[in-house]
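Text of the file protein31.cif, holding mmCIF, C-alpha atoms:
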```
data_entry
loop_
_atom_site.label_atom_id
_atom_site.label_comp_id
_atom_site.auth_asym_id
_atom_site.auth_seq_id
_atom_site.Cartn_x
_atom_site.Cartn_y
_atom_site.Cartn_z
CA MET H 53 132.05 163.60 106.98
CA GLY H 54 130.98 162.60 110.48
CA GLY H 55 129.75 159.27 111.75
CA VAL H 56 131.30 156.01 112.75
CA SER H 57 133.73 154.32 110.39
CA THR H 58 132.86 150.72 109.60
CA PRO H 59 135.77 148.46 108.58
CA GLY H 60 135.18 146.81 105.22
CA ASN H 61 132.11 148.95 104.50
CA PRO H 62 132.20 149.50 100.70
CA PHE H 63 129.76 152.42 101.01
CA GLU H 64 132.17 154.47 103.11
CA GLY H 65 134.17 156.98 101.10
CA ILE H 66 132.12 156.96 97.91
CA PHE H 67 129.68 159.53 99.31
CA GLY H 68 132.46 162.01 99.99
CA GLU H 69 132.38 163.13 96.37
CA LEU H 70 128.65 163.46 95.68
CA ALA H 71 129.09 165.78 92.73
CA LYS H 72 131.01 163.09 90.85
CA LEU H 73 128.45 160.44 91.75
CA PHE H 74 125.48 162.45 90.55
CA SER H 75 127.19 163.46 87.31
CA SER H 76 126.92 159.89 86.03
CA GLN H 77 126.25 159.50 82.34
CA GLY H 78 123.83 156.72 81.50
CA PRO H 79 121.11 154.94 83.46
CA VAL H 80 123.49 153.09 85.81
CA ASN H 81 126.39 154.68 87.66
CA LEU H 82 129.11 152.17 86.87
CA GLN H 83 131.68 153.98 89.02
CA VAL H 84 129.56 153.32 92.11
CA ALA H 85 128.67 149.81 90.94
CA ARG H 86 132.30 148.85 90.41
CA GLN H 87 133.45 150.17 93.78
CA ILE H 88 130.63 148.41 95.63
CA ALA H 89 131.04 145.14 93.69
CA GLN H 90 134.78 144.90 94.17
CA GLY H 91 134.63 146.06 97.79
CA MET H 92 132.08 143.38 98.65
CA ALA H 93 133.88 140.70 96.65
CA MET H 94 137.18 141.30 98.44
CA GLU H 95 135.50 142.04 101.81
CA GLY H 96 137.78 144.98 102.44
CA ALA H 97 141.01 142.98 102.10
CA ALA H 98 143.80 143.29 99.54
CA GLU H 99 143.63 140.66 96.84
CA PRO H 100 146.80 138.67 96.12
CA ASN H 101 147.91 137.95 92.56
CA ILE H 102 147.16 134.54 91.09
CA GLU H 103 150.19 132.29 91.54
CA PRO H 104 152.01 131.50 88.25
CA LEU H 105 151.90 127.77 89.01
CA GLU H 106 148.14 127.94 89.43
CA ARG H 107 147.80 129.67 86.06
CA MET H 108 149.95 127.01 84.44
CA ARG H 109 147.87 124.24 85.98
CA TYR H 110 144.67 125.69 84.57
CA GLU H 111 146.31 126.04 81.16
CA GLU H 112 147.18 122.34 81.16
CA LEU H 113 143.75 121.24 82.31
CA ALA H 114 141.99 123.57 79.88
CA ARG H 115 143.73 121.98 76.88
CA ALA H 116 142.57 118.52 77.91
CA ALA H 117 139.06 119.72 78.75
CA ASP H 118 138.78 121.59 75.45
CA LEU H 119 139.50 118.41 73.47
CA GLN H 120 136.95 116.41 75.48
CA VAL H 121 134.18 119.01 75.10
CA SER H 122 134.84 119.41 71.37
CA ALA H 123 134.63 115.64 70.89
CA ALA H 124 131.50 115.26 73.04
CA THR H 125 129.55 118.18 71.56
CA GLY H 126 130.83 118.63 68.02
CA LEU H 127 130.70 122.37 68.75
CA SER H 128 133.49 124.87 68.34
CA THR H 129 134.74 126.07 71.70
CA SER H 130 136.13 129.22 70.12
CA VAL H 131 133.63 132.06 70.13
CA ALA H 132 135.77 134.94 68.84
CA GLY H 133 137.88 133.02 66.32
CA GLY H 134 140.93 132.58 68.51
CA VAL H 135 142.20 129.94 70.91
CA LEU H 136 140.12 129.27 74.00
CA GLU H 137 141.83 130.26 77.26
CA ILE H 138 140.84 129.52 80.84
CA HIS H 139 141.81 132.72 82.66
CA PRO H 140 142.14 132.59 86.49
CA VAL H 141 141.21 135.83 88.28
CA GLY H 142 140.70 137.09 91.81
CA ARG H 143 137.26 137.78 93.24
CA GLY H 144 137.60 141.54 92.78
CA ASP H 145 138.64 141.20 89.15
CA TYR H 146 135.82 138.74 88.57
CA ALA H 147 133.33 141.21 90.06
CA GLY H 148 134.50 144.03 87.78
CA ARG H 149 134.40 141.92 84.63
CA THR H 150 131.04 140.42 85.51
CA LEU H 151 129.60 143.86 86.10
CA ASP H 152 130.70 144.88 82.60
CA ALA H 153 129.20 141.69 81.13
CA TYR H 154 125.86 142.18 82.90
CA ARG H 155 125.67 145.88 82.07
CA PRO H 156 122.92 145.47 79.40
CA LEU H 157 120.73 143.68 81.95
CA PHE H 158 121.19 146.37 84.58
CA GLU H 159 120.42 149.00 81.96
CA GLY H 160 117.25 147.04 81.22
CA LEU H 161 116.42 147.25 84.91
CA ALA H 162 116.76 151.04 84.60
CA VAL H 163 113.81 150.95 82.19
CA SER H 164 111.69 149.45 84.98
CA PHE H 165 113.03 151.97 87.47
CA GLY H 166 112.19 154.84 85.14
CA ARG H 167 108.49 153.92 85.30
CA MET H 168 108.46 154.83 88.97
CA ALA H 169 108.42 158.52 88.23
CA LYS H 170 106.33 158.27 85.03
CA PRO H 171 103.91 155.37 85.41
CA ASP H 172 101.54 156.64 82.73
CA GLU H 173 102.87 157.06 79.22
CA GLY H 174 100.54 159.97 78.57
CA ALA H 175 101.35 161.80 81.78
CA SER H 176 103.25 165.06 81.97
CA ASP H 177 106.99 164.90 82.56
CA ASP H 178 106.57 167.16 85.61
CA PRO H 179 105.15 165.55 88.79
CA PRO H 180 102.12 167.30 90.37
CA GLU H 181 103.07 170.06 92.81
CA ASP H 182 100.60 168.77 95.41
CA ASP H 183 101.99 165.21 95.35
CA PRO H 184 105.15 165.08 97.51
CA THR H 185 105.72 161.38 96.76
CA ALA H 186 105.69 162.02 93.02
CA GLN H 187 107.97 165.00 93.54
CA LEU H 188 110.39 162.86 95.56
CA LEU H 189 110.41 159.99 93.09
CA GLY H 190 110.79 162.29 90.12
CA GLY H 191 113.88 163.70 91.77
CA VAL H 192 115.17 160.23 92.61
CA THR H 193 114.86 159.08 89.04
CA ASP H 194 116.42 162.18 87.53
CA MET H 195 119.18 162.81 90.07
CA ILE H 196 120.13 159.72 92.02
CA GLY H 197 118.44 156.98 90.03
CA PRO H 198 121.74 156.02 88.34
CA VAL H 199 123.44 155.95 91.77
CA LEU H 200 120.77 153.70 93.28
CA LEU H 201 120.97 151.39 90.30
CA GLY H 202 124.74 151.40 90.62
CA LEU H 203 124.35 150.35 94.25
CA GLN H 204 121.89 147.64 93.22
CA ALA H 205 124.17 146.31 90.48
CA GLY H 206 127.30 146.49 92.60
CA SER H 207 125.69 144.76 95.57
CA LEU H 208 124.32 141.93 93.47
CA VAL H 209 127.57 141.25 91.64
CA GLY H 210 129.65 141.69 94.80
CA HIS H 211 127.59 139.10 96.67
CA GLN H 212 127.80 136.73 93.72
CA ALA H 213 131.57 137.09 93.38
CA ARG H 214 132.22 135.91 96.95
CA ARG H 215 131.17 132.38 96.03
CA ALA H 216 131.82 132.28 92.28
CA MET H 217 133.96 129.54 90.74
CA GLY H 218 133.57 130.52 87.08
CA GLN H 219 131.83 132.92 84.74
CA TYR H 220 129.06 130.45 83.91
CA ASP H 221 127.97 129.72 87.46
CA LEU H 222 124.82 131.33 86.05
CA PRO H 223 124.09 130.57 82.38
CA ILE H 224 124.16 134.20 81.24
CA PRO H 225 125.73 134.97 77.85
CA ARG H 226 128.71 137.31 77.82
CA PRO H 227 130.25 139.44 75.06
CA PRO H 228 132.12 137.28 72.50
CA SER H 229 135.55 136.32 73.81
CA ASP H 230 137.78 133.27 73.86
CA GLN H 231 138.77 133.98 77.45
CA VAL H 232 136.77 132.12 80.11
CA LEU H 233 137.10 133.30 83.70
CA VAL H 234 137.62 131.00 86.68
CA VAL H 235 138.07 132.05 90.32
CA PRO H 236 140.72 129.89 92.04
CA ALA H 237 139.75 131.20 95.49
CA GLY H 238 136.20 129.93 94.99
CA VAL H 239 137.37 126.65 93.49
CA ASN H 240 139.81 125.96 96.32
CA ALA H 241 137.20 126.84 98.96
CA PHE H 242 134.70 124.45 97.38
CA ALA H 243 137.28 121.63 97.19
CA SER H 244 138.20 122.18 100.84
CA ASP H 245 134.59 122.36 102.05
CA TRP H 246 133.76 119.04 100.39
CA SER H 247 137.15 117.31 100.95
CA LEU H 248 137.68 116.90 97.20
CA ASP H 249 140.90 116.72 95.22
CA PRO H 250 141.56 120.32 94.04
CA ASP H 251 142.91 119.18 90.67
CA GLU H 252 139.81 117.09 89.99
CA VAL H 253 137.59 120.05 90.90
CA ARG H 254 139.63 122.23 88.53
CA MET H 255 139.20 119.74 85.72
CA TRP H 256 135.46 119.42 86.36
CA LEU H 257 135.14 123.19 86.39
CA CYS H 258 137.05 123.51 83.11
CA LEU H 259 134.71 120.98 81.49
CA HIS H 260 131.66 122.79 82.89
CA GLN H 261 132.79 126.25 81.81
CA ILE H 262 133.95 125.22 78.34
CA THR H 263 130.70 123.33 77.65
CA HIS H 264 128.63 126.37 78.59
CA HIS H 265 130.96 128.60 76.59
CA ALA H 266 130.49 126.45 73.49
CA VAL H 267 126.68 126.46 73.79
CA LEU H 268 126.15 130.05 74.91
CA GLY H 269 128.69 131.16 72.33
CA ARG H 270 126.41 130.02 69.51
CA PRO H 271 125.14 133.38 68.16
CA HIS H 272 121.48 132.33 67.94
CA VAL H 273 121.51 130.83 71.45
CA SER H 274 123.18 133.91 72.92
CA LYS H 275 120.79 136.26 71.14
CA ARG H 276 117.65 134.35 72.13
CA LEU H 277 118.57 134.12 75.80
CA THR H 278 119.92 137.68 76.02
CA ASP H 279 116.78 139.09 74.41
CA LEU H 280 114.55 137.17 76.82
CA LEU H 281 116.53 138.27 79.87
CA ARG H 282 116.52 141.92 78.80
CA GLN H 283 112.76 141.83 78.20
CA TYR H 284 112.32 140.31 81.65
CA VAL H 285 114.37 142.83 83.62
CA SER H 286 112.73 145.70 81.73
CA GLY H 287 109.27 144.55 82.75
CA PHE H 288 109.20 145.05 86.53
CA GLU H 289 106.73 147.40 88.19
CA PRO H 290 108.65 149.05 91.05
CA ASP H 291 106.82 149.94 94.25
CA PRO H 292 107.45 153.67 94.95
CA ASN H 293 106.33 153.37 98.57
CA ALA H 294 108.90 150.63 99.22
CA LEU H 295 111.69 152.80 97.83
CA GLU H 296 110.59 155.85 99.82
CA GLU H 297 110.52 153.79 103.01
CA ARG H 298 114.01 152.42 102.35
CA LEU H 299 115.50 155.85 101.65
CA SER H 300 114.06 157.33 104.84
CA GLY H 301 116.54 155.26 106.86
CA ILE H 302 119.64 156.97 105.42
CA ASP H 303 121.60 159.38 107.62
CA PRO H 304 123.86 161.44 105.30
CA THR H 305 126.30 162.02 108.18
CA ASN H 306 126.83 158.30 108.79
CA PRO H 307 128.18 156.13 105.94
CA ALA H 308 127.20 152.98 107.85
CA THR H 309 123.51 153.73 107.25
CA PHE H 310 124.04 153.48 103.49
CA ASN H 311 125.28 149.94 104.02
CA GLU H 312 122.33 149.12 106.30
CA VAL H 313 119.70 150.60 104.00
CA LEU H 314 121.10 149.87 100.56
CA GLY H 315 123.22 146.80 101.23
CA ASN H 316 120.31 144.42 100.67
CA PRO H 317 119.76 144.57 96.91
CA GLY H 318 116.71 142.35 97.12
CA GLU H 319 114.75 145.08 98.89
CA LEU H 320 116.16 148.19 97.27
CA LEU H 321 113.65 148.74 94.49
CA GLY H 322 110.70 146.80 95.84
CA VAL H 323 110.18 145.39 92.35
CA MET H 324 106.99 143.54 91.53
CA GLN H 325 106.67 140.83 88.87
CA THR H 326 104.07 141.40 86.16
CA PRO H 327 101.89 138.90 84.23
CA ALA H 328 103.96 139.59 81.10
CA GLN H 329 107.11 138.63 82.99
CA ARG H 330 105.55 135.39 84.15
CA GLN H 331 104.93 134.55 80.50
CA LEU H 332 108.57 135.30 79.74
CA LEU H 333 109.70 133.08 82.61
CA THR H 334 108.27 129.99 80.91
CA ARG H 335 110.34 130.72 77.80
CA ILE H 336 113.50 131.58 79.75
CA GLU H 337 113.24 128.45 81.87
CA ALA H 338 112.65 126.19 78.87
CA LEU H 339 115.82 127.38 77.16
CA VAL H 340 117.94 127.43 80.32
CA VAL H 341 116.94 123.95 81.52
CA ALA H 342 117.72 122.56 78.07
CA ILE H 343 121.18 124.16 78.29
CA GLU H 344 121.77 122.82 81.79
CA GLY H 345 120.46 119.34 81.00
CA TYR H 346 122.71 119.17 77.95
CA ALA H 347 125.75 120.46 79.88
CA ASP H 348 125.21 117.90 82.64
CA HIS H 349 125.06 115.14 80.04
CA VAL H 350 128.35 116.28 78.50
CA LEU H 351 129.92 116.49 81.96
CA SER H 352 128.82 112.99 82.87
CA THR H 353 130.22 111.69 79.58
CA ALA H 354 133.53 113.56 79.54
CA GLY H 355 133.97 113.94 83.29
CA GLY H 356 133.53 110.25 83.93
CA HIS H 357 136.66 109.57 81.87
CA MET H 358 138.79 112.32 83.37
CA VAL H 359 137.69 112.75 86.98
CA GLY H 360 138.10 109.80 89.32
CA SER H 361 135.87 111.27 92.02
CA ALA H 362 133.11 112.19 89.56
CA PRO H 363 130.23 110.71 91.65
CA ALA H 364 131.29 112.64 94.77
CA LEU H 365 131.80 115.79 92.72
CA VAL H 366 128.39 115.49 91.09
CA GLU H 367 126.75 115.16 94.50
CA ALA H 368 128.66 118.13 95.91
CA MET H 369 127.70 120.26 92.90
CA ARG H 370 124.07 119.17 93.24
CA ARG H 371 123.99 120.30 96.85
CA ARG H 372 125.70 123.56 95.98
CA ARG H 373 123.05 124.26 93.35
CA ALA H 374 120.25 123.47 95.77
CA ASP H 375 121.59 125.92 98.34
CA PRO H 376 122.69 129.12 96.55
CA ASP H 377 124.07 131.97 98.62
CA GLU H 378 122.25 135.28 99.02
CA GLY H 379 123.97 136.90 96.05
CA GLY H 380 123.30 134.04 93.67
CA ARG H 381 119.65 133.80 94.76
CA LEU H 382 119.07 137.54 94.27
CA VAL H 383 120.67 137.59 90.83
CA GLU H 384 118.57 134.59 89.81
CA GLN H 385 115.38 136.29 90.98
CA LEU H 386 116.15 139.63 89.37
CA PHE H 387 117.16 138.13 86.00
CA GLY H 388 114.47 135.45 85.88
CA LEU H 389 116.90 132.55 86.33
CA GLU H 390 115.54 130.80 89.39
CA LEU H 391 117.12 127.36 89.09
CA GLY H 392 116.34 124.74 91.70
CA PRO H 393 116.39 120.94 91.78
CA ALA H 394 113.08 120.74 89.89
CA GLN H 395 114.42 122.84 87.02
CA TYR H 396 117.63 120.82 86.72
CA GLU H 397 115.64 117.57 86.73
CA ARG H 398 113.35 118.96 84.04
CA GLY H 399 116.38 119.60 81.82
CA ALA H 400 117.82 116.16 82.56
CA ALA H 401 114.49 114.49 81.70
CA PHE H 402 114.39 116.33 78.36
CA VAL H 403 117.88 115.15 77.45
CA ARG H 404 117.11 111.58 78.52
CA GLY H 405 113.98 111.61 76.39
CA VAL H 406 115.88 112.79 73.32
CA LEU H 407 118.65 110.23 73.81
CA GLU H 408 116.16 107.37 74.24
CA ARG H 409 114.40 108.28 71.00
CA ALA H 410 117.19 109.59 68.76
CA GLY H 411 120.53 109.00 70.48
CA ASP H 412 123.49 111.34 70.46
CA GLU H 413 122.85 112.24 66.83
CA GLY H 414 119.44 113.60 67.73
CA LEU H 415 120.75 115.50 70.75
CA ALA H 416 123.45 117.08 68.62
CA ARG H 417 120.71 118.84 66.63
CA LEU H 418 119.77 120.91 69.67
CA TRP H 419 122.10 123.84 68.91
CA HIS H 420 122.22 123.76 65.10
CA SER H 421 120.02 126.79 64.51
CA GLU H 422 117.35 128.93 66.11
CA ARG H 423 114.69 126.63 64.64
CA GLU H 424 115.92 123.72 66.77
CA LEU H 425 115.65 125.54 70.11
CA PRO H 426 112.90 123.79 72.09
CA THR H 427 109.66 125.43 73.18
CA PRO H 428 108.37 125.10 76.77
CA ALA H 429 105.93 122.37 75.69
CA GLU H 430 108.66 120.46 73.85
CA VAL H 431 110.96 120.46 76.88
CA ASP H 432 108.29 118.45 78.68
CA ALA H 433 107.59 116.26 75.63
CA PRO H 434 110.88 115.52 73.80
CA GLY H 435 109.00 113.51 71.20
CA LEU H 436 107.24 116.71 70.06
CA TRP H 437 110.59 118.41 69.60
CA LEU H 438 111.99 115.51 67.59
CA GLU H 439 108.86 115.38 65.46
CA ARG H 440 109.09 119.08 64.73
CA ILE H 441 112.70 118.92 63.59
CA ASP H 442 111.92 115.87 61.44
CA ILE H 443 114.13 113.25 63.02
CA ALA H 444 111.61 111.27 65.04
CA ASP H 445 111.65 107.50 64.63
#
```
Just give me the structure of the file as structure tokens.
Amino acid sequence: MGGVSTPGNPFEGIFGELAKLFSSQGPVNLQVARQIAQGMAMEGAAEPNIEPLERMRYEELARAADLQVSAATGLSTSVAGGVLEIHPVGRGDYAGRTLDAYRPLFEGLAVSFGRMAKPDEGASDDPPEDDPTAQLLGGVTDMIGPVLLGLQAGSLVGHQARRAMGQYDLPIPRPPSDQVLVVPAGVNAFASDWSLDPDEVRMWLCLHQITHHAVLGRPHVSKRLTDLLRQYVSGFEPDPNALEERLSGIDPTNPATFNEVLGNPGELLGVMQTPAQRQLLTRIEALVVAIEGYADHVLSTAGGHMVGSAPALVEAMRRRRADPDEGGRLVEQLFGLELGPAQYERGAAFVRGVLERAGDEGLARLWHSERELPTPAEVDAPGLWLERIDIAD
């Protein structure tokens, strides 16, 4: 294939075997997604193995963090019936595992993408012969739709992996497992950027990840949030003109143009939010801010005992949240998880309101069953939530 070779370009090479790419089974080409995700995560460089001493350090810290989280929450930190393990991985490995975990959401996105060729449920499966746009988009959906979605998925996860510190950087449920991923390269970079003690950052991260694992591992919490996220990603209305315009910039003889045209996942599908999705956003946000407010409370309780630089760490984490990188921002937008300072404060205010009225005993009720999950109105009025679950003063 002709064209200029671009060092570190994850798109180069995968288009040399088009027959394999277009023979994908399923709505998302995971072969393409994995290659793009891992290539972007590692930025074209070989990834070293995790040092044995680093693994041992995380094992030690995880045991202490596990005990603190269990005591602070009263929740089991084991999701699959085994022993919880903090598992350090490289950025490439993280990208591959995260892609597998997010697969149901990307397959939900394929439902939205499929509407591009068949916007009307009663329409014929065959696009009109006199409509070249419909002909083009019908071919895109049937032939290269899975490839484009693989590029979208891979780009999003690859961007995210470059900055990731752990699997719950975004509060997205994962398949049941007692293995929780952390990314030492991301942790060490964060500690260096903010001049923090690496061991204290590791401990804080273990507390953060295990708390989220315990909450999101509750079957009814996982199911509720997963169902909402899948409904959201399945509800986009893609803009066919935006896709056609993007594809027109590809030169099949030059792999670099694939990177230029398809490397920005935020523009690939030209997706448009619908009124139904905006309704879903209120429900997603209510649940997510309750999770984040609760996790921050646990961290301030447990972390204050175990992390000497807790105030500096809290401030650094707050600033990191307020300034997500491109990958994190795009994933948040696509999955309906746009979390900014206002959302985190909303969750914190809910938790404060519950504690003021009912103490830790009242807050502990939050994850008991699906009935106790707060509604959007209750997140803004904790007294309503307490009244509903019959423990108000």
Residues matched by the PyMOL selection byres ((chain H and resi 237) around 12), written as a compact mmCIF listing (two decimals) with C-alpha atoms, in the coordinates of the input:
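Output below, filename out-v1.txt:
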```txt
# COMPACT_ATOMS: atom_id res chain seq x y z
CA ALA H 93 133.88 140.70 96.65
CA MET H 94 137.18 141.30 98.44
CA GLU H 99 143.63 140.66 96.84
CA PRO H 100 146.80 138.67 96.12
CA ASN H 101 147.91 137.95 92.56
CA ILE H 102 147.16 134.54 91.09
CA GLU H 103 150.19 132.29 91.54
CA GLU H 106 148.14 127.94 89.43
CA PRO H 140 142.14 132.59 86.49
CA VAL H 141 141.21 135.83 88.28
CA GLY H 142 140.70 137.09 91.81
CA ARG H 143 137.26 137.78 93.24
CA GLY H 144 137.60 141.54 92.78
CA ASP H 145 138.64 141.20 89.15
CA TYR H 146 135.82 138.74 88.57
CA ALA H 213 131.57 137.09 93.38
CA ARG H 214 132.22 135.91 96.95
CA ARG H 215 131.17 132.38 96.03
CA ALA H 216 131.82 132.28 92.28
CA MET H 217 133.96 129.54 90.74
CA GLY H 218 133.57 130.52 87.08
CA VAL H 234 137.62 131.00 86.68
CA VAL H 235 138.07 132.05 90.32
CA PRO H 236 140.72 129.89 92.04
CA GLY H 238 136.20 129.93 94.99
CA VAL H 239 137.37 126.65 93.49
CA ASN H 240 139.81 125.96 96.32
CA ALA H 241 137.20 126.84 98.96
CA PHE H 242 134.70 124.45 97.38
CA ALA H 243 137.28 121.63 97.19
CA SER H 244 138.20 122.18 100.84
CA PRO H 250 141.56 120.32 94.04
CA ARG H 254 139.63 122.23 88.53
```
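Nearest to H:His139 of all the residues H:Gly126, H:Pro104, H:Pro198, H:Pro156 is H:Pro104, counting all atoms listed in the file.
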ask   = Using only C-alpha atoms, which residue out of H:Leu119, H:Ala368, H:Ala433, H:Gln87 lies closest to H:Asp245?
value =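 Nearest to H:Asp245: H:Ala368.
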key: Which residue of H:Ala364, H:Met255, H:Leu203, H:Leu277 approaches H:Met92 most closely, using all atoms listed in the file   =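 Residue with the minimum atom-to-atom distance to H:Met92: H:Leu203.
Note that atom CA of H:Ile88 and atom CA of H:Val340 are 28.9 Å apart.
Between atom CA of H:Phe158 and atom CA of H:Arg373 lies a distance of 23.9 Å.
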request  = Please write the residues picked by the PyMOL selection byres ((chain H and resi 412) around 12) on this file as a VMD selection string.
outcome  = chain H and resid 123 to 126 346 349 to 350 353 403 to 411 413 to 418
Give me a file of those residues, with C-alpha atoms, as a PDB file, keeping the file's coordinate frame.
```pdb
ATOM      1  CA  ALA H 123     134.630 115.640  70.890  1.00  0.00           C
ATOM      2  CA  ALA H 124     131.500 115.260  73.040  1.00  0.00           C
ATOM      3  CA  THR H 125     129.550 118.180  71.560  1.00  0.00           C
ATOM      4  CA  GLY H 126     130.830 118.630  68.020  1.00  0.00           C
ATOM      5  CA  TYR H 346     122.710 119.170  77.950  1.00  0.00           C
ATOM      6  CA  HIS H 349     125.060 115.140  80.040  1.00  0.00           C
ATOM      7  CA  VAL H 350     128.350 116.280  78.500  1.00  0.00           C
ATOM      8  CA  THR H 353     130.220 111.690  79.580  1.00  0.00           C
ATOM      9  CA  VAL H 403     117.880 115.150  77.450  1.00  0.00           C
ATOM     10  CA  ARG H 404     117.110 111.580  78.520  1.00  0.00           C
ATOM     11  CA  GLY H 405     113.980 111.610  76.390  1.00  0.00           C
ATOM     12  CA  VAL H 406     115.880 112.790  73.320  1.00  0.00           C
ATOM     13  CA  LEU H 407     118.650 110.230  73.810  1.00  0.00           C
ATOM     14  CA  GLU H 408     116.160 107.370  74.240  1.00  0.00           C
ATOM     15  CA  ARG H 409     114.400 108.280  71.000  1.00  0.00           C
ATOM     16  CA  ALA H 410     117.190 109.590  68.760  1.00  0.00           C
ATOM     17  CA  GLY H 411     120.530 109.000  70.480  1.00  0.00           C
ATOM     18  CA  GLU H 413     122.850 112.240  66.830  1.00  0.00           C
ATOM     19  CA  GLY H 414     119.440 113.600  67.730  1.00  0.00           C
ATOM     20  CA  LEU H 415     120.750 115.500  70.750  1.00  0.00           C
ATOM     21  CA  ALA H 416     123.450 117.080  68.620  1.00  0.00           C
ATOM     22  CA  ARG H 417     120.710 118.840  66.630  1.00  0.00           C
ATOM     23  CA  LEU H 418     119.770 120.910  69.670  1.00  0.00           C
TER      24      LEU H 418
END
```
request  = Extract, using all atoms listed in the file, all DNA, RNA and protein residues at most 9 Å from stretch 271-275 of chain H, discarding same-chain residues fewer than 6 positions from it, and format them as a PyMOL selection string.
outcome  = chain H and resi 131+224-226+339+419+421-422+425
inquiry  = Just the number, please: distance in Å from atom CA of H:Ala114 to atom CA of H:Arg372, one decimal.
reply    =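 Distance between the two atoms: 22.9 Å.
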message = Can you tell me which residues surround H:Leu201 at a distance of at most 7 Å, considering all atoms listed in the file, apart from same-chain residues fewer than 3 positions away, and format the answer as a VMD selection string?
response = chain H and resid 80 to 81 197 to 198 204 to 205
task = Excluding stretch 336-338 of chain H and residues on its chain fewer than 2 positions from it, collect all residues at most 7 Å away from it, counting only C-alpha atoms, and give them as a ChimeraX atom specification.
result = /H:277,280,332-334,340-342,427-428,431
